[in-house]
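The file work_30.cif comes next; it holds mmCIF, C-alpha atoms and all ligand atoms.
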```
data_run
loop_
_atom_site.label_atom_id
_atom_site.label_comp_id
_atom_site.auth_asym_id
_atom_site.auth_seq_id
_atom_site.Cartn_x
_atom_site.Cartn_y
_atom_site.Cartn_z
CA MET M 1 -117.63 -84.43 104.58
CA ASP M 2 -114.73 -84.68 102.11
CA THR M 3 -116.29 -84.76 98.67
CA ASN M 4 -115.04 -85.53 95.18
CA TRP M 5 -117.11 -82.77 93.65
CA ASP M 6 -118.52 -79.33 94.41
CA CYS M 7 -121.54 -80.09 92.26
CA ILE M 8 -122.92 -83.07 90.40
CA VAL M 9 -125.22 -82.06 87.58
CA VAL M 10 -127.63 -84.87 86.78
CA GLY M 11 -128.69 -84.60 83.14
CA ALA M 12 -127.07 -82.82 80.22
CA GLY M 13 -129.92 -81.37 78.25
CA ALA M 14 -130.17 -77.61 77.85
CA ALA M 15 -130.56 -76.99 81.60
CA GLY M 16 -127.72 -79.25 82.72
CA LEU M 17 -125.24 -78.14 80.05
CA SER M 18 -125.98 -74.50 80.70
CA ALA M 19 -125.51 -75.00 84.45
CA ALA M 20 -122.27 -76.92 83.99
CA LEU M 21 -120.86 -74.14 81.82
CA VAL M 22 -121.48 -71.57 84.54
CA LEU M 23 -120.07 -73.90 87.21
CA GLY M 24 -116.99 -74.68 85.10
CA ARG M 25 -116.26 -71.02 84.42
CA ALA M 26 -116.55 -70.46 88.18
CA ARG M 27 -113.88 -73.13 88.69
CA GLN M 28 -116.15 -75.49 90.61
CA ARG M 29 -115.30 -79.20 90.52
CA THR M 30 -118.27 -80.35 88.47
CA LEU M 31 -119.33 -83.80 87.35
CA VAL M 32 -122.04 -83.99 84.69
CA VAL M 33 -123.72 -87.39 84.33
CA ASP M 34 -126.13 -87.85 81.46
CA ALA M 35 -128.26 -90.72 80.19
CA GLY M 36 -128.55 -89.02 76.78
CA GLU M 37 -132.33 -88.93 76.39
CA GLN M 38 -133.15 -85.27 76.00
CA SER M 39 -136.87 -84.93 75.39
CA ASN M 40 -136.67 -83.06 72.08
CA ARG M 41 -134.38 -85.52 70.31
CA PRO M 42 -137.15 -86.88 68.02
CA ALA M 43 -137.91 -83.38 66.67
CA HIS M 44 -136.78 -82.00 63.30
CA GLY M 45 -134.73 -79.35 65.07
CA ILE M 46 -134.99 -76.82 67.85
CA GLY M 47 -137.72 -74.33 67.00
CA GLY M 48 -137.54 -70.84 68.46
CA LEU M 49 -134.11 -70.79 70.07
CA LEU M 50 -132.34 -67.54 69.27
CA GLY M 51 -129.11 -68.08 67.35
CA GLN M 52 -129.84 -71.82 66.96
CA ASP M 53 -133.30 -71.82 65.39
CA GLY M 54 -133.94 -75.13 63.62
CA ARG M 55 -130.61 -76.65 64.63
CA PRO M 56 -130.85 -80.44 65.17
CA ALA M 57 -130.98 -81.16 68.90
CA GLU M 58 -128.16 -83.71 68.69
CA ASP M 59 -125.79 -81.09 67.16
CA PHE M 60 -126.73 -78.54 69.76
CA TYR M 61 -126.04 -80.85 72.72
CA ALA M 62 -122.76 -82.00 71.14
CA ALA M 63 -121.70 -78.35 70.83
CA GLY M 64 -122.57 -77.79 74.49
CA ARG M 65 -120.51 -80.79 75.57
CA ALA M 66 -117.58 -79.57 73.44
CA GLU M 67 -117.69 -76.20 75.21
CA LEU M 68 -117.61 -77.93 78.60
CA ALA M 69 -114.55 -79.95 77.55
CA THR M 70 -112.46 -76.75 77.54
CA TYR M 71 -112.96 -76.28 81.31
CA PRO M 72 -110.59 -78.47 83.35
CA SER M 73 -112.80 -78.55 86.43
CA VAL M 74 -115.71 -80.13 84.52
CA GLU M 75 -115.99 -83.83 83.72
CA PHE M 76 -118.74 -85.17 81.47
CA ARG M 77 -119.67 -88.79 81.97
CA PRO M 78 -122.31 -90.72 79.98
CA GLY M 79 -124.29 -92.78 82.46
CA GLU M 80 -127.19 -92.75 84.85
CA ILE M 81 -127.51 -91.84 88.51
CA THR M 82 -129.66 -94.59 89.99
CA GLY M 83 -129.79 -93.61 93.63
CA GLY M 84 -128.34 -91.50 96.35
CA GLU M 85 -128.81 -89.91 99.71
CA ARG M 86 -127.98 -86.82 101.66
CA ARG M 87 -125.00 -87.46 103.91
CA ASP M 88 -122.97 -85.21 106.28
CA GLY M 89 -124.12 -81.96 104.72
CA GLY M 90 -123.42 -83.26 101.21
CA PHE M 91 -124.67 -86.06 98.98
CA MET M 92 -123.63 -89.52 97.97
CA LEU M 93 -124.83 -90.54 94.50
CA GLU M 94 -124.67 -93.99 92.90
CA LEU M 95 -124.18 -94.54 89.19
CA ARG M 96 -125.64 -97.50 87.31
CA ASP M 97 -122.12 -98.92 86.82
CA GLY M 98 -121.73 -99.16 90.60
CA VAL M 99 -119.44 -96.15 91.03
CA VAL M 100 -120.27 -93.92 94.01
CA GLU M 101 -119.55 -90.19 93.94
CA THR M 102 -119.74 -87.62 96.72
CA THR M 103 -120.58 -83.98 96.28
CA ARG M 104 -121.41 -80.80 98.15
CA ARG M 105 -124.34 -79.93 95.88
CA VAL M 106 -126.63 -81.68 93.41
CA LEU M 107 -128.40 -80.02 90.52
CA LEU M 108 -131.19 -82.08 89.01
CA ALA M 109 -131.59 -81.28 85.32
CA THR M 110 -133.24 -84.59 84.56
CA GLY M 111 -136.05 -83.36 82.32
CA MET M 112 -139.53 -84.83 82.14
CA ASP M 113 -141.32 -87.71 80.48
CA TYR M 114 -143.88 -86.22 78.07
CA ARG M 115 -146.73 -88.74 78.25
CA ARG M 116 -148.88 -88.57 75.15
CA PRO M 117 -152.12 -90.30 74.14
CA ASP M 118 -151.78 -93.98 73.43
CA LEU M 119 -152.93 -93.88 69.81
CA PRO M 120 -151.65 -95.96 66.89
CA GLY M 121 -149.54 -93.75 64.58
CA ILE M 122 -148.37 -91.17 67.15
CA GLU M 123 -144.93 -92.51 68.08
CA GLU M 124 -143.38 -92.46 64.60
CA ARG M 125 -144.55 -88.86 64.06
CA TRP M 126 -143.89 -87.49 67.55
CA GLY M 127 -142.05 -84.16 67.52
CA ARG M 128 -142.63 -83.79 63.79
CA SER M 129 -146.17 -83.86 62.36
CA VAL M 130 -147.63 -84.79 65.79
CA PHE M 131 -146.59 -82.40 68.50
CA HIS M 132 -147.52 -80.92 71.89
CA CYS M 133 -146.34 -77.32 71.40
CA PRO M 134 -147.24 -75.08 68.47
CA PHE M 135 -144.48 -72.61 69.39
CA CYS M 136 -141.95 -75.41 68.78
CA HIS M 137 -143.49 -77.00 65.68
CA GLY M 138 -146.28 -74.74 64.34
CA TRP M 139 -144.01 -72.98 61.85
CA GLU M 140 -143.01 -76.27 60.21
CA VAL M 141 -146.66 -77.29 59.59
CA ARG M 142 -148.02 -73.81 58.81
CA ASP M 143 -150.89 -73.51 56.34
CA ARG M 144 -151.56 -77.26 56.30
CA GLN M 145 -154.84 -78.85 57.33
CA LEU M 146 -154.20 -78.99 61.07
CA GLY M 147 -155.95 -80.67 63.97
CA VAL M 148 -156.17 -80.52 67.75
CA LEU M 149 -156.89 -83.69 69.71
CA ASP M 150 -158.60 -82.62 72.92
CA ARG M 151 -162.00 -81.65 74.24
CA GLY M 152 -163.67 -79.18 76.59
CA ALA M 153 -162.03 -75.88 77.50
CA PRO M 154 -158.43 -77.02 76.84
CA GLY M 155 -159.45 -78.17 73.36
CA VAL M 156 -161.04 -74.80 72.65
CA ARG M 157 -157.99 -72.89 73.87
CA ARG M 158 -155.61 -74.94 71.81
CA ALA M 159 -157.75 -74.88 68.66
CA LEU M 160 -157.97 -71.08 68.83
CA LEU M 161 -154.20 -70.93 69.29
CA LEU M 162 -153.48 -73.23 66.36
CA ARG M 163 -155.55 -70.99 64.06
CA ILE M 164 -152.51 -68.69 64.13
CA TRP M 165 -150.64 -71.24 62.00
CA SER M 166 -153.47 -72.29 59.66
CA GLU M 167 -156.94 -71.24 58.57
CA ASP M 168 -157.92 -74.91 58.35
CA VAL M 169 -158.16 -76.30 61.89
CA THR M 170 -160.32 -79.20 63.11
CA LEU M 171 -160.93 -79.98 66.76
CA PHE M 172 -160.98 -83.79 67.14
CA THR M 173 -162.77 -84.44 70.42
CA ASP M 174 -162.76 -88.26 70.29
CA GLY M 175 -166.29 -88.41 71.68
CA PRO M 176 -168.62 -85.69 72.96
CA ALA M 177 -166.94 -82.27 72.58
CA GLU M 178 -168.04 -81.05 76.05
CA LEU M 179 -168.12 -77.42 74.91
CA GLU M 180 -169.84 -74.44 76.52
CA PRO M 181 -172.29 -72.85 74.03
CA ASP M 182 -170.14 -69.68 73.91
CA ASP M 183 -167.07 -71.69 73.07
CA ALA M 184 -168.79 -73.60 70.27
CA GLU M 185 -169.83 -70.26 68.79
CA ARG M 186 -166.34 -68.83 69.14
CA LEU M 187 -164.85 -71.81 67.32
CA ARG M 188 -167.41 -71.50 64.54
CA ALA M 189 -166.65 -67.76 64.23
CA VAL M 190 -163.01 -68.46 63.41
CA GLY M 191 -163.81 -71.42 61.16
CA VAL M 192 -162.70 -74.28 63.44
CA GLU M 193 -164.64 -77.45 62.66
CA ILE M 194 -165.55 -79.91 65.39
CA GLU M 195 -165.26 -83.65 64.78
CA GLU M 196 -166.72 -85.80 67.56
CA ARG M 197 -166.28 -89.27 66.07
CA PRO M 198 -164.14 -91.59 68.26
CA VAL M 199 -160.55 -91.56 66.98
CA ALA M 200 -158.91 -94.91 66.17
CA GLY M 201 -155.47 -93.86 64.92
CA LEU M 202 -153.36 -91.77 62.58
CA SER M 203 -152.35 -92.46 58.98
CA GLY M 204 -149.42 -91.22 56.96
CA THR M 205 -146.05 -92.05 55.50
CA GLY M 206 -142.95 -92.11 57.66
CA ASP M 207 -143.03 -89.09 59.96
CA SER M 208 -145.65 -87.30 57.81
CA LEU M 209 -149.26 -87.33 58.93
CA THR M 210 -151.96 -87.40 56.27
CA ALA M 211 -155.18 -88.26 58.12
CA VAL M 212 -156.92 -88.94 61.40
CA ARG M 213 -158.78 -92.27 61.29
CA PHE M 214 -162.08 -92.85 63.08
CA ALA M 215 -163.47 -95.95 64.77
CA ASP M 216 -166.33 -96.01 62.20
CA GLY M 217 -163.79 -96.59 59.39
CA GLY M 218 -163.87 -93.02 58.06
CA GLU M 219 -161.01 -90.53 58.09
CA ARG M 220 -160.31 -86.83 57.80
CA SER M 221 -157.26 -85.23 56.13
CA CYS M 222 -154.80 -83.76 58.56
CA GLY M 223 -151.16 -82.69 58.04
CA GLY M 224 -150.29 -81.75 61.61
CA LEU M 225 -151.85 -82.69 64.94
CA LEU M 226 -151.53 -80.98 68.31
CA VAL M 227 -151.99 -83.55 71.10
CA PRO M 228 -152.30 -83.16 74.88
CA VAL M 229 -149.45 -84.36 77.12
CA THR M 230 -148.81 -84.67 80.84
CA LEU M 231 -145.29 -84.34 82.17
CA HIS M 232 -143.93 -86.70 84.82
CA GLN M 233 -140.52 -86.86 86.47
CA ARG M 234 -138.34 -88.97 84.22
CA SER M 235 -136.05 -89.92 87.08
CA PRO M 236 -137.12 -91.05 90.57
CA LEU M 237 -134.06 -89.29 91.97
CA ALA M 238 -135.82 -86.14 93.17
CA GLU M 239 -138.17 -88.23 95.28
CA ARG M 240 -135.37 -90.47 96.53
CA LEU M 241 -133.42 -87.42 97.71
CA GLY M 242 -136.51 -86.22 99.56
CA ALA M 243 -137.43 -83.24 97.38
CA ALA M 244 -140.99 -81.94 97.64
CA LEU M 245 -142.89 -82.33 94.39
CA ALA M 246 -145.93 -80.33 93.33
CA SER M 247 -148.55 -80.87 90.70
CA LYS M 248 -149.07 -78.07 88.19
CA LEU M 249 -151.86 -79.83 86.32
CA PRO M 250 -153.22 -80.00 83.68
CA LEU M 251 -149.74 -80.09 82.19
CA VAL M 252 -147.21 -81.05 84.89
CA ALA M 253 -147.95 -83.93 87.26
CA ASP M 254 -145.00 -83.71 89.64
CA ALA M 255 -142.56 -80.81 89.30
CA VAL M 256 -139.73 -80.42 91.82
CA GLU M 257 -140.73 -77.48 93.99
CA VAL M 258 -138.07 -74.76 93.82
CA ASP M 259 -137.64 -71.18 94.99
CA GLU M 260 -136.63 -68.31 92.71
CA GLY M 261 -132.99 -69.46 92.94
CA PHE M 262 -134.01 -73.00 91.88
CA HIS M 263 -133.24 -74.43 95.33
CA ALA M 264 -135.39 -77.47 96.15
CA SER M 265 -136.84 -78.25 99.58
CA VAL M 266 -133.76 -80.31 100.54
CA PRO M 267 -130.69 -78.22 101.53
CA GLY M 268 -127.97 -78.46 98.86
CA LEU M 269 -130.33 -79.76 96.19
CA SER M 270 -131.40 -77.65 93.21
CA ALA M 271 -133.51 -78.42 90.17
CA ALA M 272 -133.79 -76.61 86.84
CA GLY M 273 -135.33 -77.02 83.42
CA ASP M 274 -138.39 -79.15 82.76
CA ALA M 275 -137.87 -81.06 86.03
CA SER M 276 -138.77 -77.96 88.03
CA GLY M 277 -141.94 -77.37 86.03
CA GLN M 278 -141.19 -74.11 84.30
CA MET M 279 -142.49 -73.34 80.81
CA GLN M 280 -141.07 -76.10 78.62
CA SER M 281 -138.61 -74.72 76.10
CA VAL M 282 -134.92 -74.98 75.41
CA ALA M 283 -134.52 -71.23 75.98
CA ASN M 284 -136.15 -71.46 79.42
CA ALA M 285 -134.08 -74.51 80.33
CA ILE M 286 -130.87 -72.69 79.41
CA ALA M 287 -131.88 -69.66 81.48
CA ALA M 288 -132.91 -71.78 84.47
CA GLY M 289 -129.71 -73.85 84.40
CA SER M 290 -127.62 -70.72 84.24
CA THR M 291 -129.42 -69.03 87.14
CA ALA M 292 -129.45 -72.18 89.25
CA ALA M 293 -125.70 -72.61 88.78
CA ALA M 294 -124.92 -68.99 89.65
CA MET M 295 -126.98 -69.35 92.85
CA LEU M 296 -125.11 -72.55 93.69
CA VAL M 297 -121.75 -70.81 93.26
CA HIS M 298 -122.86 -68.01 95.62
CA GLY M 299 -123.86 -70.62 98.19
CA LEU M 300 -120.61 -72.57 97.85
CA ALA M 301 -118.52 -69.39 98.28
CA THR M 302 -120.50 -68.47 101.40
CA GLU M 303 -120.06 -71.97 102.79
CA GLU M 304 -116.29 -71.75 102.24
CA SER M 305 -116.12 -68.48 104.16
CA GLU M 306 -118.01 -70.16 107.01
CA TRP M 307 -115.55 -73.04 107.03
CA ALA M 308 -112.67 -70.52 107.06
CA LEU M 309 -114.24 -68.68 109.98
CA ALA M 310 -114.67 -71.94 111.86
CA GLY M 311 -111.05 -72.86 111.07
CA THR M 312 -111.95 -76.13 109.37
C1 LIG D 1 -140.79 -83.85 71.09
C2 LIG D 1 -140.40 -82.52 71.73
C3 LIG D 1 -140.00 -81.49 70.93
C4 LIG D 1 -139.64 -80.27 71.49
N1 LIG D 1 -139.27 -79.26 70.66
C5 LIG D 1 -138.89 -78.10 71.18
C6 LIG D 1 -138.49 -77.03 70.34
O1 LIG D 1 -138.51 -77.16 69.10
N2 LIG D 1 -138.11 -75.85 70.91
C7 LIG D 1 -138.08 -75.69 72.26
O2 LIG D 1 -137.68 -74.63 72.73
N3 LIG D 1 -138.46 -76.68 73.10
C8 LIG D 1 -138.85 -77.88 72.58
N4 LIG D 1 -139.25 -78.88 73.42
C9 LIG D 1 -139.17 -78.69 74.88
C10 LIG D 1 -137.71 -78.80 75.29
O3 LIG D 1 -137.12 -79.90 74.62
C11 LIG D 1 -137.55 -78.98 76.78
O4 LIG D 1 -138.24 -77.92 77.46
C12 LIG D 1 -136.07 -78.94 77.17
O5 LIG D 1 -135.36 -79.89 76.41
C13 LIG D 1 -135.89 -79.22 78.66
O6 LIG D 1 -134.50 -79.32 78.91
P1 LIG D 1 -133.98 -80.09 80.20
O7 LIG D 1 -132.51 -79.89 80.19
O8 LIG D 1 -134.76 -79.67 81.38
O9 LIG D 1 -134.36 -81.62 79.96
P2 LIG D 1 -133.92 -82.64 78.80
O10 LIG D 1 -133.48 -81.93 77.57
O11 LIG D 1 -135.02 -83.62 78.67
O12 LIG D 1 -132.61 -83.35 79.39
C14 LIG D 1 -132.62 -84.14 80.55
C15 LIG D 1 -131.45 -85.09 80.49
O13 LIG D 1 -131.29 -85.72 81.76
C16 LIG D 1 -131.01 -87.08 81.55
N5 LIG D 1 -131.36 -87.83 82.77
C17 LIG D 1 -132.57 -88.04 83.33
N6 LIG D 1 -132.46 -88.76 84.47
C18 LIG D 1 -131.14 -89.03 84.62
C19 LIG D 1 -130.39 -89.75 85.59
N7 LIG D 1 -130.99 -90.31 86.65
N8 LIG D 1 -129.05 -89.84 85.44
C20 LIG D 1 -128.43 -89.26 84.37
N9 LIG D 1 -129.09 -88.55 83.42
C21 LIG D 1 -130.43 -88.45 83.53
C22 LIG D 1 -131.86 -87.45 80.35
O14 LIG D 1 -131.44 -88.67 79.75
C23 LIG D 1 -131.63 -86.22 79.47
O15 LIG D 1 -130.49 -86.35 78.67
C24 LIG D 1 -139.65 -80.10 72.89
C25 LIG D 1 -140.05 -81.17 73.71
C26 LIG D 1 -140.44 -82.36 73.14
C27 LIG D 1 -140.88 -83.51 74.02
#
```
What is this structure when it is put down as structure tokens?
Amino acid sequence: MDTNWDCIVVGAGAAGLSAALVLGRARQRTLVVDAGEQSNRPAHGIGGLLGQDGRPAEDFYAAGRAELATYPSVEFRPGEITGGERRDGGFMLELRDGVVETTRRVLLATGMDYRRPDLPGIEERWGRSVFHCPFCHGWEVRDRQLGVLDRGAPGVRRALLLRIWSEDVTLFTDGPAELEPDDAERLRAVGVEIEERPVAGLSGTGDSLTAVRFADGGERSCGGLLVPVTLHQRSPLAERLGAALASKLPLVADAVEVDEGFHASVPGLSAAGDASGQMQSVANAIAAGSTAAAMLVHGLATEESEWALAGT
């Protein structure tokens, strides 16, 4: 199949940009298509990324795109891939604007939808004073009155973890705590209080959280709340292209299954970053995108030698 591209990278978050950089430097004809909805955009900045700690996400992605612009074999296109299929050993992908592109390889770097509890007051504080990952946001809320919204063993684990960032941690279980006796004792030993009243919402000003409100009309002060999330494919593309998905619950509902080289179950298709269910961080997404791209370049070079041998 004659193709326009060696690789189409779907998504230009940390994984996709990192992959495109490696592909561009390896002189592969690379199209990057991005819908511009990287999952950490609501956050104050990127926590815990070496050399870029605290940098606003928007700035970071703009810098990545600017680096790509210096490589003539890479084209960045804002847009969305809405469908596609495997065809003649390559792929045909359709963009929302109706354009069709053909490629030898596809790298899905489409990220995940972080589904959070449906609670009044979460959305406006998401990624700031309400968060899913203390490694990303714990530093910014350190030493405040903090809370964990969860119950059972996951609630215990997360409350014990959050104690690292504050001595004042409450476990809000929104109903019966469902704790093993040992766990209740362990929480008490480190000073974590348990609040079982049903939660009705969050109060605060702007993106700052000040209290958790209860259904009985009461409230408890809280300046930072760790909430549970489940991650779902943001794009149906993996499924449409026939990739096997696997649940890695409790956190990830449907990660693209990949091998150690980030190859998916469909030949020619790779997936990296959150979409492939690795530990969710910008650093990991960069590393995965980089490795996935290097593996793709190896495969493309091998394929070219096979074509040369076959005289095609
Ligand atoms: C609120 C929040 C805050 C976070 N804070 C931090 C932090 O401080 N530090 C940290 O290390 N990690 C943080 N994380 C985790 C981190 O953001 C992710 O692990 C990382 O961004 C994953 O990168 P990715 O490239 O896989 O996906 P993303 O960054 O989500 O990028 C995927 C891109 O693909 C695009 N896309 C999807 N489908 C299509 C399609 N069909 N066609 C075209 N484009 C498409 C999306 O629009 C998006 O631009 C945070 C996550 C969240 C939700």
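Counting only C-alpha atoms and all ligand atoms and comparing M:Arg86, M:Arg188, M:Arg27, M:Arg65, the residue that lies closest to ligand LIG 1 (chain D) is M:Arg65.
You will find atom CA of Arg116 of chain M at 13.0 Å from atom CA of Ala253 of chain M.
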Check which residues fall inside 7 Å of ligand LIG 1 (chain D) when counting all atoms listed in the file, and print them as a ChimeraX atom specification.
/M:10-16,33-43,45-49,79-82,109-112,114,126-127,131,136-137,234-235,237,272-275,280-283,285
For Ala294 of chain M, find every residue with an atom within 9 Å (counting only C-alpha atoms), except residues of its own chain fewer than 5 positions away, and show them as a ChimeraX atom specification.
/M:19,22-23,26,261,289,299
Just give me the gap between atom CA of Arg25 of chain M and atom CA of Gly268 of chain M in Å, one decimal is fine.
20.0 Å
From the set M:Asp143, M:Val192, M:Val199, M:Asp174, which residue has the shortest atom-to-atom contact distance to Ala159 of chain M, counting all atoms listed in the file?
M:Val192
Using all atoms listed in the file - which residues lie no farther than 12 Å from the point (-160.0, -78.4, 74.8) in the file's frame? Write them as a ChimeraX atom specification.
/M:147-162,170-174,176-180,183-184,187,194,226-228,250
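Between atom CA of Ser305 of chain M and atom CA of Leu31 of chain M the interatomic distance comes to 23.0 Å.
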Long-range neighbours of Gly217 of chain M as a VMD selection string, 12 Å cut-off, only C-alpha atoms, 2 positions minimum in chain
chain M and resid 197 to 202 212 to 215 219 to 220
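Minimum distance to Ala301 of chain M across M:Arg55, M:Arg104, M:Arg240, M:Arg87 (counting only C-alpha atoms) occurs at M:Arg104.
Contact shell of Glu124 of chain M at 12 Å (all atoms listed in the file; same-chain neighbours under 5 positions omitted): Pro42, Ala43, Leu119, Ser129, Val130, Phe131, Leu202, Ser203, Gly204, Thr205, Gly206, Asp207, Ser208 and Leu209 of chain M.
Residue nearest Ala293 of chain M, chosen from M:Val100, M:Met92, M:Leu309, M:Leu269 and counting only C-alpha atoms: M:Leu269.
Checking M:Asp182, M:Glu257, M:Glu85, M:Asp118 one by one against Val106 of chain M, counting all atoms listed in the file, you find the shortest gap at M:Glu85.
Minimum atom-to-atom distance to Ser221 of chain M, evaluated using all atoms listed in the file, belongs to M:Leu146 out of M:Val266, M:Leu146, M:Ala288, M:Val32.
Taking all atoms listed in the file, the non-local environment of Ser270 of chain M within 10 Å (same-chain residues fewer than 3 positions away omitted) comprises M:Val9, M:Arg105, M:Val106, M:Leu107, M:Leu108, M:Ala109, M:Ala238, M:Ala243, M:Val256, M:Glu257, M:Val258, M:Asp259, M:Gly261, M:Phe262, M:His263, M:Ala264, M:Ser265, M:Val266, M:Pro267, M:Ser276, M:Gly289, M:Ala292, M:Ala293, M:Met295, M:Leu296.
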Those same residues, written as a PDB file, in the coordinates of the input with C-alpha atoms?
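Result file follows (out14.pdb):
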```pdb
ATOM      1  CA  VAL M   9    -125.220 -82.060  87.580  1.00  0.00           C
ATOM      2  CA  ARG M 105    -124.340 -79.930  95.880  1.00  0.00           C
ATOM      3  CA  VAL M 106    -126.630 -81.680  93.410  1.00  0.00           C
ATOM      4  CA  LEU M 107    -128.400 -80.020  90.520  1.00  0.00           C
ATOM      5  CA  LEU M 108    -131.190 -82.080  89.010  1.00  0.00           C
ATOM      6  CA  ALA M 109    -131.590 -81.280  85.320  1.00  0.00           C
ATOM      7  CA  ALA M 238    -135.820 -86.140  93.170  1.00  0.00           C
ATOM      8  CA  ALA M 243    -137.430 -83.240  97.380  1.00  0.00           C
ATOM      9  CA  VAL M 256    -139.730 -80.420  91.820  1.00  0.00           C
ATOM     10  CA  GLU M 257    -140.730 -77.480  93.990  1.00  0.00           C
ATOM     11  CA  VAL M 258    -138.070 -74.760  93.820  1.00  0.00           C
ATOM     12  CA  ASP M 259    -137.640 -71.180  94.990  1.00  0.00           C
ATOM     13  CA  GLY M 261    -132.990 -69.460  92.940  1.00  0.00           C
ATOM     14  CA  PHE M 262    -134.010 -73.000  91.880  1.00  0.00           C
ATOM     15  CA  HIS M 263    -133.240 -74.430  95.330  1.00  0.00           C
ATOM     16  CA  ALA M 264    -135.390 -77.470  96.150  1.00  0.00           C
ATOM     17  CA  SER M 265    -136.840 -78.250  99.580  1.00  0.00           C
ATOM     18  CA  VAL M 266    -133.760 -80.310 100.540  1.00  0.00           C
ATOM     19  CA  PRO M 267    -130.690 -78.220 101.530  1.00  0.00           C
ATOM     20  CA  SER M 276    -138.770 -77.960  88.030  1.00  0.00           C
ATOM     21  CA  GLY M 289    -129.710 -73.850  84.400  1.00  0.00           C
ATOM     22  CA  ALA M 292    -129.450 -72.180  89.250  1.00  0.00           C
ATOM     23  CA  ALA M 293    -125.700 -72.610  88.780  1.00  0.00           C
ATOM     24  CA  MET M 295    -126.980 -69.350  92.850  1.00  0.00           C
ATOM     25  CA  LEU M 296    -125.110 -72.550  93.690  1.00  0.00           C
TER      26      LEU M 296
END
```
